[in-house]
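Here is the structure we will look at.
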Amino acid sequence: MKKILYLFSDTGGGHRASANALIAAVAKIDPKVKQEMIDVFAECSSFLNIFAKLYAPVIRYSPKLWGNLYHFWDDPKKLELLEKVATPFIQKELIERINLIKPNLIVSVHPMVNHLVANGLPGLPIITVATDPIAIHKAWVYPKVDLLVVATEEAKKLAIEYGMPEEKIKVLGLPINPRFIEKKKKREVRKMLGLLEKVPTILFMGGGEGSGGMGKLVTTVDEKVKNIQMIVICGRNNLLLNKLSKARFQHPAKVVGFTDQVPMLMDAADIIVTKGGPGSIAEAMAKDLPMIITSWLPGQEEANVKFVEEAGIGFVETAPDRVADKVNILLKTKEADKIRQNIKKVSRPHASIDIAKCILSYLK
Ligand code: UDP
């Protein structure tokens with residue numbers, strides 16, 4: 001029986017979500033294929049995991065610092081040095097684990113692990129699936145892997161500039177879970193969630209870590225917009241979850257922590273207010289949700305935000321007061337209809353199925 005091994009890290013929610021999306025898509029096409037995952041830093045290097053764990057507090061409290069780090073390492077020479085320094089802390093343990101699992105194919109959905117496996121496991125096919133859709137970082141590109149899957153032509157262009165041979169790149173979209181393809185009726189889902197069936201519903205999300213100053217956004221929208229109800233996904237931000245769970249809102253509010261029910265919560269919503277993470281944007285598009293992007297990671301997510309504006313699939317607004325104004329515009333004018341038309345032109349909800357077919361072709 002053939003086995004695929006996915007390499008990811010829980011920095012943000014996007015890498016795990018992408019691996020899960022591909023696992024679900026592969027299982028839909030060929031349920032007989034075995035699939036496993038390794039949370040690379042958490043399972044193979046307690047030292048490097050210290051740095052991986054810093055991702056959440058850094059993006060929550062100092063996204064600017066993250067932006068500086070992102071740009072600093074987006075340089076071939078510095079990156080090579082970083083890889084050289086980090087490799088001894090992880091490669092041996094990772095290769096040993098992989099040898100125990102004995103996969104027939106490796107799929108990496110993390111930029112910082114490709115060189116470790118491409119050099120340490122000769123003969124084993126390796127596919128990288130980039131989970132940043134447009135402005136990919138140099139770290140995603142390791143020419144020795146067998147294939148690099150990217151989401152857009154822009155990303156492909158960059159990958160070629162970074163030295164990836166063109167014939168090893170496929171543009172197939174960003175993998176989102178096939179659960180986002182099926183749509184449920186808003187009213188039914190709201191009833192199931194204990195929400196009012198007919199009341200406009202605003203969903204708040206800050207990526208896997210619940211970042212982007214969501215607390216202030218939620219309270220301002222609650223104050224300034226009339227006749228709504230709110231769903232707030234706090235992700236792994238327990239502080240925010242505690243605070244908002246105890247808060248008294250003027251409108252009905254369902255506040256949850258990290259959840260595997262994002263597809264259903266999106267089904268219940270009319271509008272999403274979110275960080276500009278690639279996964280969240282692609283998932284919101286799959287669910288036809290007009291979006292208001294209120295925060296993003298400097299460097300890494302800037303291109304996604306530009307994309308939202310240029311494609312006309314939502315608004316970009318950081319000040320809570322003005323976010324509330326935009327919610328009102330979306331609820332009271334025809335703007336949301338226009339946005340939904342635009343979403344149809346750019347959304348790629350079946351990308352994970354296309355990538356899964358491609359992955360499976362490497363198993364034969
Ligand atoms: N997510 C989730 N549960 C939560 C919060 C987020 O499954 O409680 C998922 C969300 O559906 C998306 C991913 O986490 O797939 C967030 O990825 P994105 O690229 O938007 O941002 P990141 O968290 O990686 O910065």
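We label chains A, B, ... in the order they appear in the structure tokens, count residues from 1 in each chain, and number ligands from 1 in the order shown.
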Check which residues of chain A sit at most 7 Å from ligand 1 using only C-alpha atoms and all ligand atoms, and return one row each with the closest pair of atoms and their distance in Å to one decimal, ordered by chain and rising number, as CSV.
residue,atom,partner,partner_atom_place_in_ligand_line,distance
A:Thr11,CA,ligand 1,24 (O),6.8
A:Gly12,CA,ligand 1,23 (O),3.6
A:Gly13,CA,ligand 1,23 (O),3.6
A:Gly14,CA,ligand 1,24 (O),3.3
A:His15,CA,ligand 1,24 (O),6.2
A:Ala17,CA,ligand 1,15 (O),4.7
A:Ser18,CA,ligand 1,15 (O),6.9
A:Ile176,CA,ligand 1,15 (O),6.9
A:Met205,CA,ligand 1,5 (C),6.9
A:Gly207,CA,ligand 1,23 (O),3.6
A:Gly208,CA,ligand 1,23 (O),3.6
A:Glu209,CA,ligand 1,23 (O),5.8
A:Gly210,CA,ligand 1,5 (C),7.0
A:Ile233,CA,ligand 1,8 (O),5.6
A:Cys234,CA,ligand 1,8 (O),6.3
A:Gly235,CA,ligand 1,8 (O),3.8
A:Arg236,CA,ligand 1,8 (O),6.9
A:Gly257,CA,ligand 1,8 (O),5.8
A:Phe258,CA,ligand 1,8 (O),3.2
A:Thr259,CA,ligand 1,8 (O),3.9
A:Asp260,CA,ligand 1,7 (O),5.0
A:Val262,CA,ligand 1,11 (O),5.3
A:Lys275,CA,ligand 1,20 (O),6.9
A:Gly276,CA,ligand 1,20 (O),6.5
A:Gly277,CA,ligand 1,20 (O),3.3
A:Pro278,CA,ligand 1,19 (O),4.1
A:Gly279,CA,ligand 1,19 (O),3.6
A:Ser280,CA,ligand 1,20 (O),3.7
A:Ile281,CA,ligand 1,20 (O),6.4
A:Glu283,CA,ligand 1,11 (O),6.9
Kindly save the residues from that selection, with C-alpha atoms included, as a tab-separated table (two decimals), in the first residue's frame.
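Okay, this is what ended up in selection_36.tsv:
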chain	number	residue	atom	x	y	z
A	11	THR	CA	3.19	28.36	12.59
A	12	GLY	CA	-0.12	30.05	11.83
A	13	GLY	CA	-3.03	27.91	10.74
A	14	GLY	CA	-2.26	27.82	7.04
A	15	HIS	CA	0.32	25.04	6.81
A	17	ALA	CA	-4.90	23.54	7.00
A	18	SER	CA	-3.21	23.02	3.62
A	176	ILE	CA	-8.28	24.58	0.58
A	205	MET	CA	-11.35	35.71	12.02
A	207	GLY	CA	-5.96	33.37	11.10
A	208	GLY	CA	-4.92	30.36	13.17
A	209	GLU	CA	-3.43	32.56	15.91
A	210	GLY	CA	-6.39	34.95	16.28
A	233	ILE	CA	-13.18	32.79	15.79
A	234	CYS	CA	-10.31	33.47	18.22
A	235	GLY	CA	-8.11	30.64	16.92
A	236	ARG	CA	-5.31	29.76	19.35
A	257	GLY	CA	-11.53	29.24	20.09
A	258	PHE	CA	-9.60	27.16	17.56
A	259	THR	CA	-12.24	25.26	15.65
A	260	ASP	CA	-12.43	22.69	12.87
A	262	VAL	CA	-14.63	27.09	9.84
A	275	LYS	CA	-6.63	39.01	8.54
A	276	GLY	CA	-5.27	38.76	4.99
A	277	GLY	CA	-4.01	35.20	5.35
A	278	PRO	CA	-4.02	33.27	2.08
A	279	GLY	CA	-6.04	30.37	3.45
A	280	SER	CA	-8.73	32.58	4.93
A	281	ILE	CA	-9.06	34.62	1.72
A	283	GLU	CA	-11.80	29.89	1.84
request  = Check the DSSP output for the backbone and give back, as a count of residues only, the residues of range 16-187 of chain A in strand (DSSP E or B).
outcome  = 21
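Counting only C-alpha atoms, the residue from A:Ala56, A:Met164, A:Ile106, A:Ile90 that sits nearest to Trp140 in chain A is A:Met164.
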inquiry  = Which residues are near Leu265 in chain A? Cut-off 9 Å, only C-alpha atoms, ignore same chain within fewer than 4 positions. Put them as a PyMOL selection string.
reply    = chain A and resi 189-190+193+203+231+233+261+269
Include all heavy atoms and write out the residues we just selected as a PDB file, in the first residue's frame.
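Result file is result-v2.pdb:
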ATOM      1  N   VAL A 189     -27.963  26.485   8.938  1.00  0.00           N
ATOM      2  CA  VAL A 189     -26.716  26.449   9.712  1.00  0.00           C
ATOM      3  C   VAL A 189     -26.838  27.355  10.937  1.00  0.00           C
ATOM      4  O   VAL A 189     -26.424  26.989  12.039  1.00  0.00           O
ATOM      5  CB  VAL A 189     -25.519  26.913   8.846  1.00  0.00           C
ATOM      6  CG1 VAL A 189     -24.233  26.848   9.638  1.00  0.00           C
ATOM      7  CG2 VAL A 189     -25.401  26.064   7.611  1.00  0.00           C
ATOM      8  N   ARG A 190     -27.411  28.529  10.743  1.00  0.00           N
ATOM      9  CA  ARG A 190     -27.568  29.460  11.879  1.00  0.00           C
ATOM     10  C   ARG A 190     -28.384  28.799  12.983  1.00  0.00           C
ATOM     11  O   ARG A 190     -28.065  28.902  14.162  1.00  0.00           O
ATOM     12  CB  ARG A 190     -28.247  30.746  11.409  1.00  0.00           C
ATOM     13  CG  ARG A 190     -27.310  31.608  10.599  1.00  0.00           C
ATOM     14  CD  ARG A 190     -28.024  32.834  10.075  1.00  0.00           C
ATOM     15  NE  ARG A 190     -27.158  33.555   9.153  1.00  0.00           N
ATOM     16  CZ  ARG A 190     -27.572  34.491   8.316  1.00  0.00           C
ATOM     17  NH1 ARG A 190     -28.837  34.835   8.281  1.00  0.00           N
ATOM     18  NH2 ARG A 190     -26.717  35.093   7.526  1.00  0.00           N
ATOM     19  N   LEU A 193     -26.426  26.409  14.905  1.00  0.00           N
ATOM     20  CA  LEU A 193     -25.422  27.061  15.760  1.00  0.00           C
ATOM     21  C   LEU A 193     -26.054  27.857  16.902  1.00  0.00           C
ATOM     22  O   LEU A 193     -25.362  28.474  17.700  1.00  0.00           O
ATOM     23  CB  LEU A 193     -24.563  28.025  14.919  1.00  0.00           C
ATOM     24  CG  LEU A 193     -23.648  27.377  13.880  1.00  0.00           C
ATOM     25  CD1 LEU A 193     -23.084  28.425  12.934  1.00  0.00           C
ATOM     26  CD2 LEU A 193     -22.518  26.627  14.566  1.00  0.00           C
ATOM     27  N   LEU A 203     -18.812  37.519  10.430  1.00  0.00           N
ATOM     28  CA  LEU A 203     -17.819  36.573  10.958  1.00  0.00           C
ATOM     29  C   LEU A 203     -16.477  37.283  11.108  1.00  0.00           C
ATOM     30  O   LEU A 203     -16.016  37.960  10.184  1.00  0.00           O
ATOM     31  CB  LEU A 203     -17.685  35.399   9.981  1.00  0.00           C
ATOM     32  CG  LEU A 203     -16.560  34.394  10.235  1.00  0.00           C
ATOM     33  CD1 LEU A 203     -16.758  33.660  11.554  1.00  0.00           C
ATOM     34  CD2 LEU A 203     -16.492  33.364   9.097  1.00  0.00           C
ATOM     35  N   ILE A 231     -20.151  36.180  14.766  1.00  0.00           N
ATOM     36  CA  ILE A 231     -19.413  34.953  15.107  1.00  0.00           C
ATOM     37  C   ILE A 231     -17.952  35.369  15.185  1.00  0.00           C
ATOM     38  O   ILE A 231     -17.441  36.027  14.278  1.00  0.00           O
ATOM     39  CB  ILE A 231     -19.565  33.874  14.012  1.00  0.00           C
ATOM     40  CG1 ILE A 231     -21.042  33.530  13.784  1.00  0.00           C
ATOM     41  CG2 ILE A 231     -18.764  32.621  14.370  1.00  0.00           C
ATOM     42  CD1 ILE A 231     -21.280  32.638  12.573  1.00  0.00           C
ATOM     43  N   ILE A 233     -14.092  33.929  15.667  1.00  0.00           N
ATOM     44  CA  ILE A 233     -13.180  32.786  15.790  1.00  0.00           C
ATOM     45  C   ILE A 233     -11.851  33.311  16.344  1.00  0.00           C
ATOM     46  O   ILE A 233     -11.145  34.050  15.659  1.00  0.00           O
ATOM     47  CB  ILE A 233     -12.960  32.101  14.425  1.00  0.00           C
ATOM     48  CG1 ILE A 233     -14.292  31.631  13.821  1.00  0.00           C
ATOM     49  CG2 ILE A 233     -12.000  30.918  14.572  1.00  0.00           C
ATOM     50  CD1 ILE A 233     -14.174  30.994  12.451  1.00  0.00           C
ATOM     51  N   GLN A 261     -14.526  23.857  12.553  1.00  0.00           N
ATOM     52  CA  GLN A 261     -15.834  24.113  11.914  1.00  0.00           C
ATOM     53  C   GLN A 261     -15.845  25.401  11.090  1.00  0.00           C
ATOM     54  O   GLN A 261     -16.912  25.988  10.886  1.00  0.00           O
ATOM     55  CB  GLN A 261     -16.924  24.176  12.987  1.00  0.00           C
ATOM     56  CG  GLN A 261     -17.153  22.863  13.717  1.00  0.00           C
ATOM     57  CD  GLN A 261     -17.513  21.724  12.772  1.00  0.00           C
ATOM     58  OE1 GLN A 261     -18.149  21.950  11.746  1.00  0.00           O
ATOM     59  NE2 GLN A 261     -17.096  20.526  13.092  1.00  0.00           N
ATOM     60  N   ALA A 269     -22.367  32.926   7.708  1.00  0.00           N
ATOM     61  CA  ALA A 269     -22.070  34.360   7.664  1.00  0.00           C
ATOM     62  C   ALA A 269     -22.493  35.024   6.343  1.00  0.00           C
ATOM     63  O   ALA A 269     -22.627  34.376   5.309  1.00  0.00           O
ATOM     64  CB  ALA A 269     -20.571  34.566   7.885  1.00  0.00           C
TER      65      ALA A 269
END
remark   = As a check of understanding: the span from CA of Val255 in chain A to CA of Pro175 in chain A is 26.7 Å
Near range 113-133 of chain A, 12 Å: range 324-356 of chain A residue rows, closest pairs, only C-alpha atoms, as a tab-separated table:
residue	atom	partner	partner_atom	distance
A:Arg348	CA	A:Pro133	CA	11.8
A:Ala351	CA	A:Val129	CA	11.5
A:Ser352	CA	A:Val129	CA	10.4
A:Ile355	CA	A:Val129	CA	8.6
A:Ala356	CA	A:Val129	CA	10.6
inquiry  = Run DSSP on the backbone and tell me which residues of range 81-261 of chain A come out as alpha helix (DSSP H); list them as a ChimeraX atom specification.
reply    = /A:81-86,91-101,114-120,153-161,186-192,214-224,238-246
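Separating CA of Cys44 in chain A from CA of Cys358 in chain A is a distance of 28.2 Å.
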request  = Find the residues around Gly194 in chain A up to 12 Å (only C-alpha atoms counted), leave out those fewer than 2 positions away in its own chain, and share them as JSON, numbers by chain.
outcome  = {"A": [187, 188, 189, 190, 191, 192, 196, 197, 229, 230, 231, 252, 253, 254, 255, 265, 268]}
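You can rank A:Pro165, A:Gly312, A:Gly299, A:Pro88 by their closest distance to Trp66 in chain A using only C-alpha atoms, and at the top of that list sits A:Gly299.
The list of residues with at least one atom within 9 Å of range 19-32 of chain A, based on only C-alpha atoms and without residues fewer than 4 positions apart in the same chain, reads Met1, Lys2, Ile4, Tyr6, Leu7, Phe8, Gly14, His15, Glu36, Met37, Val107, Ser108, Val109, Pro175, Ile176, Asn177, Pro178, Arg179, Ser352, Ile353, Asp354, Ile355, Ala356, Lys357, Ile359 and Leu360 of chain A.
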